[in-house]
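J.: Sharing a structure with you now.
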Amino acid sequence: MDDLRDKYIQAIAGAEDEAALEALRLEAVGKKGEISLKMRELGKMSAEERQIAGPKLNALKDEINAALAAKKAALGDAALDARLREEWLDVTLPGRPMRTGSIHPISQVTEELTAIFADMGFSVAEGPQIDTDWYNFDALNIPGHHPARAEMDTFYMHRDDGDNRPPHVLRTHTSPVQIRHMEKYGAPCRIIAPGRVYRADYDQTHTPMFHQVEGLAIDRDISMANLKWVLEEFFAAFFEVDGIKTRFRASHFPFTEPSAEVDIQCSWEDGQLKIGEGDGWLEVLGSGMVHPKVLQAAGVDPSEWQGFAFGMGIDRIAMLKYGIPDLRAFFDSDLRWLKHYGFSSLGVPTLHGGLSA
Ligand code: PHE
């Protein structure tokens, strides 16, 4: 029995891992283990023999179980020590930089103006950026020979010989959305249509793709006075100046009659532009009363309905609000630039799982 003890105590001490230890446990004290078998033999012994061998075997079993448990704990500690040695962490390393996204200024300004017009009951309408020349021109009372077609530096979509689909253009303004909306929903209506428009033009204040927001309000007795009120409310809210003045200058658009270009009040002091004060004027949009021919083209009866429309450059009012000198800056996505102009970045996840501004 002492041999048995030495054998197992030594083997347990030398076990290299938990699997080896478990094998030893089964071999010694498992159901069919050596010590278990010995215990079974007790039954065949005489009473005296049993009285001596029984307690000895029990003691041996206890000793081996204790040795197994102790070794198991020791192996666990060793494994943890090994992991701790391997998986060290250098807490003095600088953190990994986190990429912070930011909403584009045009998107932010679009959201701002949408919210302001929504407060005045305008909903948002959309139309395609590639449209037929009928929606972009003809329905807006710009016939084929009209100089406005040339003036707008239109991008025409390529057409193969024999392609008899109507000519398509990259829309040169958001006004075709007026037609599409009235055609579908009729009158009365009160919408804005923000979106991308395209003209072949490129300099400090023109990019081939830019953004406009169209406004359209049709009802039984909408007038220029309503237009003026809506625009003044809008500019006061957008530029955050109460009582900002507008100036309406007679103008011409084929799709409105009468037509007006609208300026907002501003001042230039030491090269600093201030919106909503002083006696200077800045042109910001085109507008007018929707031409009866336009209503007709959209299936709305001009003897019953009338209203105003306006078209405003989103890039332009964004530049004015945030003092951005060059339109091309909108195509430069440098985060420092965005921060400089006070655009809020998107919430980004932090290490703590929350959101930071
Ligand atoms: N569509 C015109 C433009 O792009 C703007 C405008 C819209 C003028 C609606 C009057 C009414 O220049």
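Chain labels run A, B, ... following the order of the structure tokens; each chain numbers its residues from 1, and ligands are numbered from 1 in the order shown.
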What does the list of residues within 9 Å of ligand 1 look like if you count only C-alpha atoms and all ligand atoms, written as an MDAnalysis selection string?
T.: chainID A and resid 152 172:176 178 197 212:216 252:256 259:261 285:290 308:313
J.: Applying 12 Å and only C-alpha atoms, which residues near region 63-65 of chain A remain after dropping the ones on its own chain fewer than 5 positions away? List them as an mmCIF file with N, CA, C and O atoms, in the first residue's frame.
T.:
```cif
data_model
loop_
_atom_site.group_PDB
_atom_site.id
_atom_site.type_symbol
_atom_site.label_atom_id
_atom_site.label_comp_id
_atom_site.auth_asym_id
_atom_site.auth_seq_id
_atom_site.Cartn_x
_atom_site.Cartn_y
_atom_site.Cartn_z
ATOM 1 N N LEU A 4 1.776 2.018 -3.477
ATOM 2 C CA LEU A 4 0.657 2.665 -4.164
ATOM 3 C C LEU A 4 0.651 4.160 -3.846
ATOM 4 O O LEU A 4 0.499 5.023 -4.715
ATOM 5 N N ARG A 5 0.818 4.462 -2.584
ATOM 6 C CA ARG A 5 0.816 5.850 -2.133
ATOM 7 C C ARG A 5 1.932 6.622 -2.832
ATOM 8 O O ARG A 5 1.686 7.684 -3.434
ATOM 9 N N ASP A 6 3.143 6.111 -2.762
ATOM 10 C CA ASP A 6 4.281 6.809 -3.356
ATOM 11 C C ASP A 6 4.056 7.043 -4.847
ATOM 12 O O ASP A 6 4.302 8.135 -5.366
ATOM 13 N N LYS A 7 3.542 5.970 -5.488
ATOM 14 C CA LYS A 7 3.337 6.060 -6.938
ATOM 15 C C LYS A 7 2.418 7.239 -7.285
ATOM 16 O O LYS A 7 2.765 8.096 -8.111
ATOM 17 N N TYR A 8 1.283 7.268 -6.589
ATOM 18 C CA TYR A 8 0.329 8.316 -6.958
ATOM 19 C C TYR A 8 0.740 9.701 -6.482
ATOM 20 O O TYR A 8 0.597 10.686 -7.204
ATOM 21 N N ILE A 9 1.259 9.766 -5.283
ATOM 22 C CA ILE A 9 1.656 11.099 -4.790
ATOM 23 C C ILE A 9 2.723 11.695 -5.707
ATOM 24 O O ILE A 9 2.666 12.884 -6.075
ATOM 25 N N GLN A 10 3.638 10.870 -6.160
ATOM 26 C CA GLN A 10 4.688 11.359 -7.061
ATOM 27 C C GLN A 10 4.105 11.770 -8.412
ATOM 28 O O GLN A 10 4.435 12.834 -8.955
ATOM 29 N N ALA A 11 3.250 10.853 -8.926
ATOM 30 C CA ALA A 11 2.677 11.137 -10.248
ATOM 31 C C ALA A 11 1.854 12.438 -10.217
ATOM 32 O O ALA A 11 1.926 13.265 -11.129
ATOM 33 N N ILE A 12 1.095 12.601 -9.113
ATOM 34 C CA ILE A 12 0.286 13.830 -8.998
ATOM 35 C C ILE A 12 1.176 15.061 -8.956
ATOM 36 O O ILE A 12 0.937 16.052 -9.649
ATOM 37 N N ALA A 13 2.250 14.966 -8.190
ATOM 38 C CA ALA A 13 3.166 16.106 -8.092
ATOM 39 C C ALA A 13 3.747 16.454 -9.457
ATOM 40 O O ALA A 13 3.981 17.624 -9.769
ATOM 41 N N LEU A 21 -3.861 15.279 -14.816
ATOM 42 C CA LEU A 21 -4.337 15.132 -13.436
ATOM 43 C C LEU A 21 -5.651 14.339 -13.402
ATOM 44 O O LEU A 21 -5.837 13.447 -12.561
ATOM 45 N N GLU A 22 -6.528 14.650 -14.345
ATOM 46 C CA GLU A 22 -7.806 13.948 -14.418
ATOM 47 C C GLU A 22 -7.586 12.468 -14.741
ATOM 48 O O GLU A 22 -8.232 11.586 -14.157
ATOM 49 N N LEU A 24 -5.011 10.727 -13.932
ATOM 50 C CA LEU A 24 -4.507 10.108 -12.692
ATOM 51 C C LEU A 24 -5.636 9.858 -11.699
ATOM 52 O O LEU A 24 -5.672 8.845 -11.004
ATOM 53 N N ARG A 25 -6.563 10.831 -11.633
ATOM 54 C CA ARG A 25 -7.688 10.683 -10.710
ATOM 55 C C ARG A 25 -8.481 9.419 -11.048
ATOM 56 O O ARG A 25 -8.787 8.604 -10.161
ATOM 57 N N LEU A 26 -8.764 9.255 -12.354
ATOM 58 C CA LEU A 26 -9.528 8.078 -12.765
ATOM 59 C C LEU A 26 -8.759 6.791 -12.461
ATOM 60 O O LEU A 26 -9.308 5.814 -11.971
ATOM 61 N N GLU A 27 -7.456 6.846 -12.711
ATOM 62 C CA GLU A 27 -6.598 5.675 -12.515
ATOM 63 C C GLU A 27 -6.545 5.262 -11.041
ATOM 64 O O GLU A 27 -6.540 4.079 -10.712
ATOM 65 N N ALA A 28 -6.576 6.275 -10.145
ATOM 66 C CA ALA A 28 -6.431 5.974 -8.715
ATOM 67 C C ALA A 28 -7.779 5.803 -8.011
ATOM 68 O O ALA A 28 -8.083 4.734 -7.487
ATOM 69 N N VAL A 29 -8.598 6.820 -8.057
ATOM 70 C CA VAL A 29 -9.823 6.793 -7.241
ATOM 71 C C VAL A 29 -11.100 6.788 -8.061
ATOM 72 O O VAL A 29 -12.189 6.943 -7.515
ATOM 73 N N GLY A 30 -10.974 6.682 -9.416
ATOM 74 C CA GLY A 30 -12.163 6.552 -10.261
ATOM 75 C C GLY A 30 -12.871 5.248 -9.929
ATOM 76 O O GLY A 30 -12.356 4.423 -9.171
ATOM 77 N N GLY A 33 -10.764 2.627 -10.598
ATOM 78 C CA GLY A 33 -9.387 2.948 -10.245
ATOM 79 C C GLY A 33 -8.775 1.903 -9.316
ATOM 80 O O GLY A 33 -9.482 1.105 -8.689
ATOM 81 N N GLU A 34 -7.464 2.006 -9.240
ATOM 82 C CA GLU A 34 -6.720 1.002 -8.464
ATOM 83 C C GLU A 34 -7.172 0.949 -7.009
ATOM 84 O O GLU A 34 -7.354 -0.119 -6.435
ATOM 85 N N ILE A 35 -7.363 2.095 -6.400
ATOM 86 C CA ILE A 35 -7.742 2.123 -4.980
ATOM 87 C C ILE A 35 -9.182 1.656 -4.799
ATOM 88 O O ILE A 35 -9.491 0.893 -3.875
ATOM 89 N N SER A 36 -10.039 2.029 -5.719
ATOM 90 C CA SER A 36 -11.427 1.568 -5.645
ATOM 91 C C SER A 36 -11.487 0.044 -5.732
ATOM 92 O O SER A 36 -12.254 -0.603 -5.018
ATOM 93 N N LYS A 56 -6.776 2.099 6.532
ATOM 94 C CA LYS A 56 -5.576 2.503 5.790
ATOM 95 C C LYS A 56 -5.947 2.923 4.378
ATOM 96 O O LYS A 56 -5.491 3.970 3.872
ATOM 97 N N LEU A 57 -6.818 2.087 3.766
ATOM 98 C CA LEU A 57 -7.246 2.405 2.396
ATOM 99 C C LEU A 57 -8.022 3.719 2.340
ATOM 100 O O LEU A 57 -7.804 4.563 1.457
ATOM 101 N N ASN A 58 -8.910 3.874 3.310
ATOM 102 C CA ASN A 58 -9.677 5.119 3.363
ATOM 103 C C ASN A 58 -8.776 6.334 3.517
ATOM 104 O O ASN A 58 -8.956 7.358 2.853
ATOM 105 N N ALA A 70 -5.144 19.776 -4.345
ATOM 106 C CA ALA A 70 -4.085 20.770 -4.162
ATOM 107 C C ALA A 70 -3.361 21.023 -5.482
ATOM 108 O O ALA A 70 -3.078 22.173 -5.854
ATOM 109 N N LYS A 71 -3.095 19.903 -6.208
ATOM 110 C CA LYS A 71 -2.372 20.058 -7.469
ATOM 111 C C LYS A 71 -3.227 20.811 -8.495
ATOM 112 O O LYS A 71 -2.736 21.662 -9.251
ATOM 113 N N LYS A 72 -4.532 20.507 -8.465
ATOM 114 C CA LYS A 72 -5.425 21.178 -9.397
ATOM 115 C C LYS A 72 -5.405 22.694 -9.172
ATOM 116 O O LYS A 72 -5.308 23.486 -10.112
#
```
J.: What's the 12 Å shell around His181 (chain A), counting only C-alpha atoms, without same-chain residues fewer than 2 positions away, as a PDB file with C-alpha atoms, in the first residue's frame?
T.:
```
ATOM      1  CA  SER A 123     -43.603  69.396 -46.243  1.00  0.00           C
ATOM      2  CA  VAL A 124     -40.667  68.030 -48.219  1.00  0.00           C
ATOM      3  CA  ALA A 125     -41.084  66.845 -51.824  1.00  0.00           C
ATOM      4  CA  GLU A 126     -38.491  65.166 -53.977  1.00  0.00           C
ATOM      5  CA  GLY A 127     -37.875  64.583 -57.659  1.00  0.00           C
ATOM      6  CA  PRO A 128     -35.288  62.881 -59.859  1.00  0.00           C
ATOM      7  CA  TYR A 135     -40.176  68.669 -66.707  1.00  0.00           C
ATOM      8  CA  THR A 174     -35.394  72.197 -58.459  1.00  0.00           C
ATOM      9  CA  SER A 175     -38.396  73.784 -60.232  1.00  0.00           C
ATOM     10  CA  PRO A 176     -39.344  70.544 -62.076  1.00  0.00           C
ATOM     11  CA  VAL A 177     -40.344  69.191 -58.646  1.00  0.00           C
ATOM     12  CA  GLN A 178     -43.161  71.793 -58.649  1.00  0.00           C
ATOM     13  CA  ILE A 179     -44.616  70.156 -61.757  1.00  0.00           C
ATOM     14  CA  GLU A 183     -49.293  66.606 -61.232  1.00  0.00           C
ATOM     15  CA  LYS A 184     -49.463  63.926 -58.550  1.00  0.00           C
ATOM     16  CA  TYR A 185     -51.194  65.682 -55.652  1.00  0.00           C
ATOM     17  CA  GLY A 186     -52.942  68.669 -57.231  1.00  0.00           C
ATOM     18  CA  ALA A 187     -53.862  71.824 -55.291  1.00  0.00           C
ATOM     19  CA  PRO A 188     -53.762  73.125 -52.620  1.00  0.00           C
ATOM     20  CA  CYS A 189     -50.171  72.389 -51.639  1.00  0.00           C
ATOM     21  CA  ARG A 190     -47.341  73.740 -49.563  1.00  0.00           C
ATOM     22  CA  ILE A 191     -43.953  72.124 -50.176  1.00  0.00           C
ATOM     23  CA  ILE A 192     -40.246  72.681 -50.244  1.00  0.00           C
ATOM     24  CA  ALA A 193     -38.007  70.589 -52.488  1.00  0.00           C
ATOM     25  CA  GLU A 214     -37.641  75.120 -54.164  1.00  0.00           C
ATOM     26  CA  GLY A 215     -40.679  76.485 -52.368  1.00  0.00           C
ATOM     27  CA  LEU A 216     -44.236  76.194 -53.639  1.00  0.00           C
ATOM     28  CA  ALA A 217     -47.508  77.288 -52.023  1.00  0.00           C
ATOM     29  CA  ILE A 218     -50.716  76.961 -54.011  1.00  0.00           C
ATOM     30  CA  LEU A 295     -50.244  75.406 -63.337  1.00  0.00           C
ATOM     31  CA  ALA A 297     -48.992  72.057 -67.523  1.00  0.00           C
ATOM     32  CA  ALA A 298     -49.170  70.411 -64.101  1.00  0.00           C
ATOM     33  CA  GLY A 299     -52.921  69.818 -64.377  1.00  0.00           C
ATOM     34  CA  VAL A 300     -53.988  72.512 -61.928  1.00  0.00           C
TER      35      VAL A 300
END
```
J.: So which residues touch Arg316 (chain A) within 9 Å, counting only C-alpha atoms, skipping near sequence neighbours fewer than 5 positions away, as a list of chain:residue names?
T.: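 After dropping sequence-adjacent residues, the list is A:Thr205, A:His211, A:Val284, A:Lys321, A:Leu327.
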J.: Using the selection just defined, write its residues with N, CA, C and O atoms as a PDB file, in the first residue's frame.
T.:
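Heads up, here's the output in out_23.pdb:
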```
ATOM      1  N   THR A 205     -17.587  80.907 -57.054  1.00  0.00           N
ATOM      2  CA  THR A 205     -18.965  80.885 -56.546  1.00  0.00           C
ATOM      3  C   THR A 205     -19.884  79.940 -57.323  1.00  0.00           C
ATOM      4  O   THR A 205     -21.085  79.940 -57.113  1.00  0.00           O
ATOM      5  N   HIS A 211     -26.735  73.013 -54.774  1.00  0.00           N
ATOM      6  CA  HIS A 211     -28.006  72.630 -54.130  1.00  0.00           C
ATOM      7  C   HIS A 211     -28.980  73.794 -54.123  1.00  0.00           C
ATOM      8  O   HIS A 211     -28.584  74.929 -53.899  1.00  0.00           O
ATOM      9  N   VAL A 284     -30.356  86.535 -52.779  1.00  0.00           N
ATOM     10  CA  VAL A 284     -30.358  85.159 -52.315  1.00  0.00           C
ATOM     11  C   VAL A 284     -31.309  84.220 -53.041  1.00  0.00           C
ATOM     12  O   VAL A 284     -31.148  83.007 -52.949  1.00  0.00           O
ATOM     13  N   LYS A 321     -24.258  82.203 -43.996  1.00  0.00           N
ATOM     14  CA  LYS A 321     -24.474  82.008 -42.561  1.00  0.00           C
ATOM     15  C   LYS A 321     -23.165  81.701 -41.847  1.00  0.00           C
ATOM     16  O   LYS A 321     -22.933  82.174 -40.745  1.00  0.00           O
ATOM     17  N   LEU A 327     -16.977  78.517 -52.490  1.00  0.00           N
ATOM     18  CA  LEU A 327     -17.942  77.411 -52.618  1.00  0.00           C
ATOM     19  C   LEU A 327     -17.250  76.059 -52.703  1.00  0.00           C
ATOM     20  O   LEU A 327     -17.747  75.046 -52.238  1.00  0.00           O
TER      21      LEU A 327
END
```
J.: Output as a PyMOL selection string all residues of region 186-315 of chain A that backbone DSSP marks as helix (DSSP H, G or I).
T.: chain A and resi 224-238+292-297+314-315
J.: Generate the output file for the selected residues, N, CA, C and O atoms, as a PDB file, in the first residue's frame.
T.:
```pdb
ATOM      1  N   MET A 224     -48.329  87.613 -53.287  1.00  0.00           N
ATOM      2  CA  MET A 224     -46.937  87.994 -53.065  1.00  0.00           C
ATOM      3  C   MET A 224     -46.704  88.382 -51.604  1.00  0.00           C
ATOM      4  O   MET A 224     -45.600  88.238 -51.089  1.00  0.00           O
ATOM      5  N   ALA A 225     -47.755  88.874 -50.940  1.00  0.00           N
ATOM      6  CA  ALA A 225     -47.612  89.264 -49.530  1.00  0.00           C
ATOM      7  C   ALA A 225     -47.293  88.033 -48.676  1.00  0.00           C
ATOM      8  O   ALA A 225     -46.464  88.086 -47.767  1.00  0.00           O
ATOM      9  N   ASN A 226     -47.962  86.916 -49.002  1.00  0.00           N
ATOM     10  CA  ASN A 226     -47.674  85.681 -48.287  1.00  0.00           C
ATOM     11  C   ASN A 226     -46.225  85.248 -48.529  1.00  0.00           C
ATOM     12  O   ASN A 226     -45.529  84.799 -47.619  1.00  0.00           O
ATOM     13  N   LEU A 227     -45.783  85.408 -49.781  1.00  0.00           N
ATOM     14  CA  LEU A 227     -44.401  85.059 -50.136  1.00  0.00           C
ATOM     15  C   LEU A 227     -43.425  85.870 -49.278  1.00  0.00           C
ATOM     16  O   LEU A 227     -42.485  85.328 -48.695  1.00  0.00           O
ATOM     17  N   LYS A 228     -43.683  87.175 -49.207  1.00  0.00           N
ATOM     18  CA  LYS A 228     -42.776  88.057 -48.469  1.00  0.00           C
ATOM     19  C   LYS A 228     -42.735  87.664 -46.985  1.00  0.00           C
ATOM     20  O   LYS A 228     -41.666  87.587 -46.380  1.00  0.00           O
ATOM     21  N   TRP A 229     -43.885  87.368 -46.432  1.00  0.00           N
ATOM     22  CA  TRP A 229     -43.944  87.004 -45.014  1.00  0.00           C
ATOM     23  C   TRP A 229     -43.179  85.696 -44.761  1.00  0.00           C
ATOM     24  O   TRP A 229     -42.344  85.608 -43.860  1.00  0.00           O
ATOM     25  N   VAL A 230     -43.439  84.710 -45.605  1.00  0.00           N
ATOM     26  CA  VAL A 230     -42.789  83.400 -45.434  1.00  0.00           C
ATOM     27  C   VAL A 230     -41.262  83.553 -45.510  1.00  0.00           C
ATOM     28  O   VAL A 230     -40.516  83.011 -44.685  1.00  0.00           O
ATOM     29  N   LEU A 231     -40.806  84.329 -46.518  1.00  0.00           N
ATOM     30  CA  LEU A 231     -39.357  84.473 -46.682  1.00  0.00           C
ATOM     31  C   LEU A 231     -38.732  85.235 -45.515  1.00  0.00           C
ATOM     32  O   LEU A 231     -37.659  84.878 -45.031  1.00  0.00           O
ATOM     33  N   GLU A 232     -39.425  86.286 -45.045  1.00  0.00           N
ATOM     34  CA  GLU A 232     -38.864  87.048 -43.920  1.00  0.00           C
ATOM     35  C   GLU A 232     -38.831  86.209 -42.645  1.00  0.00           C
ATOM     36  O   GLU A 232     -37.880  86.278 -41.879  1.00  0.00           O
ATOM     37  N   GLU A 233     -39.884  85.429 -42.436  1.00  0.00           N
ATOM     38  CA  GLU A 233     -39.871  84.499 -41.286  1.00  0.00           C
ATOM     39  C   GLU A 233     -38.688  83.540 -41.409  1.00  0.00           C
ATOM     40  O   GLU A 233     -37.975  83.270 -40.447  1.00  0.00           O
ATOM     41  N   PHE A 234     -38.516  83.020 -42.635  1.00  0.00           N
ATOM     42  CA  PHE A 234     -37.441  82.058 -42.845  1.00  0.00           C
ATOM     43  C   PHE A 234     -36.071  82.681 -42.564  1.00  0.00           C
ATOM     44  O   PHE A 234     -35.264  82.125 -41.818  1.00  0.00           O
ATOM     45  N   PHE A 235     -35.815  83.852 -43.150  1.00  0.00           N
ATOM     46  CA  PHE A 235     -34.488  84.453 -42.991  1.00  0.00           C
ATOM     47  C   PHE A 235     -34.214  84.830 -41.535  1.00  0.00           C
ATOM     48  O   PHE A 235     -33.093  84.688 -41.046  1.00  0.00           O
ATOM     49  N   ALA A 236     -35.242  85.327 -40.849  1.00  0.00           N
ATOM     50  CA  ALA A 236     -35.060  85.687 -39.430  1.00  0.00           C
ATOM     51  C   ALA A 236     -34.652  84.450 -38.637  1.00  0.00           C
ATOM     52  O   ALA A 236     -33.744  84.506 -37.797  1.00  0.00           O
ATOM     53  N   ALA A 237     -35.312  83.322 -38.908  1.00  0.00           N
ATOM     54  CA  ALA A 237     -35.002  82.093 -38.167  1.00  0.00           C
ATOM     55  C   ALA A 237     -33.657  81.524 -38.597  1.00  0.00           C
ATOM     56  O   ALA A 237     -32.841  81.131 -37.765  1.00  0.00           O
ATOM     57  N   PHE A 238     -33.405  81.513 -39.904  1.00  0.00           N
ATOM     58  CA  PHE A 238     -32.181  80.878 -40.405  1.00  0.00           C
ATOM     59  C   PHE A 238     -30.932  81.651 -39.996  1.00  0.00           C
ATOM     60  O   PHE A 238     -29.950  81.077 -39.553  1.00  0.00           O
ATOM     61  N   PRO A 292     -49.655  80.973 -64.889  1.00  0.00           N
ATOM     62  CA  PRO A 292     -50.829  80.127 -65.195  1.00  0.00           C
ATOM     63  C   PRO A 292     -50.493  78.962 -66.123  1.00  0.00           C
ATOM     64  O   PRO A 292     -51.029  77.871 -65.974  1.00  0.00           O
ATOM     65  N   LYS A 293     -49.572  79.188 -67.057  1.00  0.00           N
ATOM     66  CA  LYS A 293     -49.202  78.106 -67.983  1.00  0.00           C
ATOM     67  C   LYS A 293     -48.523  76.953 -67.249  1.00  0.00           C
ATOM     68  O   LYS A 293     -48.614  75.799 -67.675  1.00  0.00           O
ATOM     69  N   VAL A 294     -47.836  77.277 -66.174  1.00  0.00           N
ATOM     70  CA  VAL A 294     -47.149  76.237 -65.386  1.00  0.00           C
ATOM     71  C   VAL A 294     -48.184  75.413 -64.619  1.00  0.00           C
ATOM     72  O   VAL A 294     -48.117  74.184 -64.603  1.00  0.00           O
ATOM     73  N   LEU A 295     -49.167  76.115 -64.037  1.00  0.00           N
ATOM     74  CA  LEU A 295     -50.244  75.406 -63.337  1.00  0.00           C
ATOM     75  C   LEU A 295     -50.953  74.470 -64.306  1.00  0.00           C
ATOM     76  O   LEU A 295     -51.185  73.292 -64.009  1.00  0.00           O
ATOM     77  N   GLN A 296     -51.241  74.999 -65.489  1.00  0.00           N
ATOM     78  CA  GLN A 296     -51.938  74.224 -66.511  1.00  0.00           C
ATOM     79  C   GLN A 296     -51.139  72.972 -66.903  1.00  0.00           C
ATOM     80  O   GLN A 296     -51.690  71.880 -66.988  1.00  0.00           O
ATOM     81  N   ALA A 297     -49.850  73.187 -67.116  1.00  0.00           N
ATOM     82  CA  ALA A 297     -48.992  72.057 -67.523  1.00  0.00           C
ATOM     83  C   ALA A 297     -48.987  70.966 -66.460  1.00  0.00           C
ATOM     84  O   ALA A 297     -48.827  69.789 -66.759  1.00  0.00           O
ATOM     85  N   ILE A 314     -28.874  76.654 -51.706  1.00  0.00           N
ATOM     86  CA  ILE A 314     -28.553  76.223 -50.336  1.00  0.00           C
ATOM     87  C   ILE A 314     -27.079  76.487 -50.027  1.00  0.00           C
ATOM     88  O   ILE A 314     -26.730  76.980 -48.946  1.00  0.00           O
ATOM     89  N   ASP A 315     -26.207  76.197 -50.998  1.00  0.00           N
ATOM     90  CA  ASP A 315     -24.778  76.431 -50.784  1.00  0.00           C
ATOM     91  C   ASP A 315     -24.535  77.907 -50.460  1.00  0.00           C
ATOM     92  O   ASP A 315     -23.743  78.242 -49.587  1.00  0.00           O
TER      93      ASP A 315
END
```
J.: Tell me which protein, DNA and RNA residues are within 8 Å of region 268-271 of chain A, counting only C-alpha atoms, leaving out same-chain ones fewer than 3 positions away, and put them as a list of chain:residue names.
T.: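 Counting only C-alpha atoms, the residues come to A:Lys274, A:Gly278, A:Gly280.
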J.: Closest to Asp279 (chain A) among A:Thr154, A:Asn164, A:Ser303, A:Thr246, using only C-alpha atoms?
T.: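 Of A:Thr154, A:Asn164, A:Ser303, A:Thr246, the one nearest Asp279 (chain A) is A:Thr246, counting only C-alpha atoms.
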J.: Considering only strand (DSSP E) as DSSP defines it on the backbone, what residues of region 272-337 of chain A qualify? List them as a ChimeraX atom specification.
T.: /A:272-275,280-290,306-313
J.: Measure the distance from CA of Asp3 (chain A) to CA of Leu75 (chain A) in Å and round it to one decimal.
T.: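 Pair CA of Asp3 (chain A) / CA of Leu75 (chain A) returns 25.0 Å.
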J.: Have a look at CA of Asp163 (chain A) and CA of Pro143 (chain A) and let me know their distance in Å, one decimal.
T.: 21.8 Å
J.: Using only C-alpha atoms, can you tell me which of A:Gln204, A:Thr114, A:Ser102, A:Gln306 comes closest to Ile222 (chain A)?
T.: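 When distances to Ile222 (chain A) are compared using only C-alpha atoms, the smallest one comes from A:Gln306.
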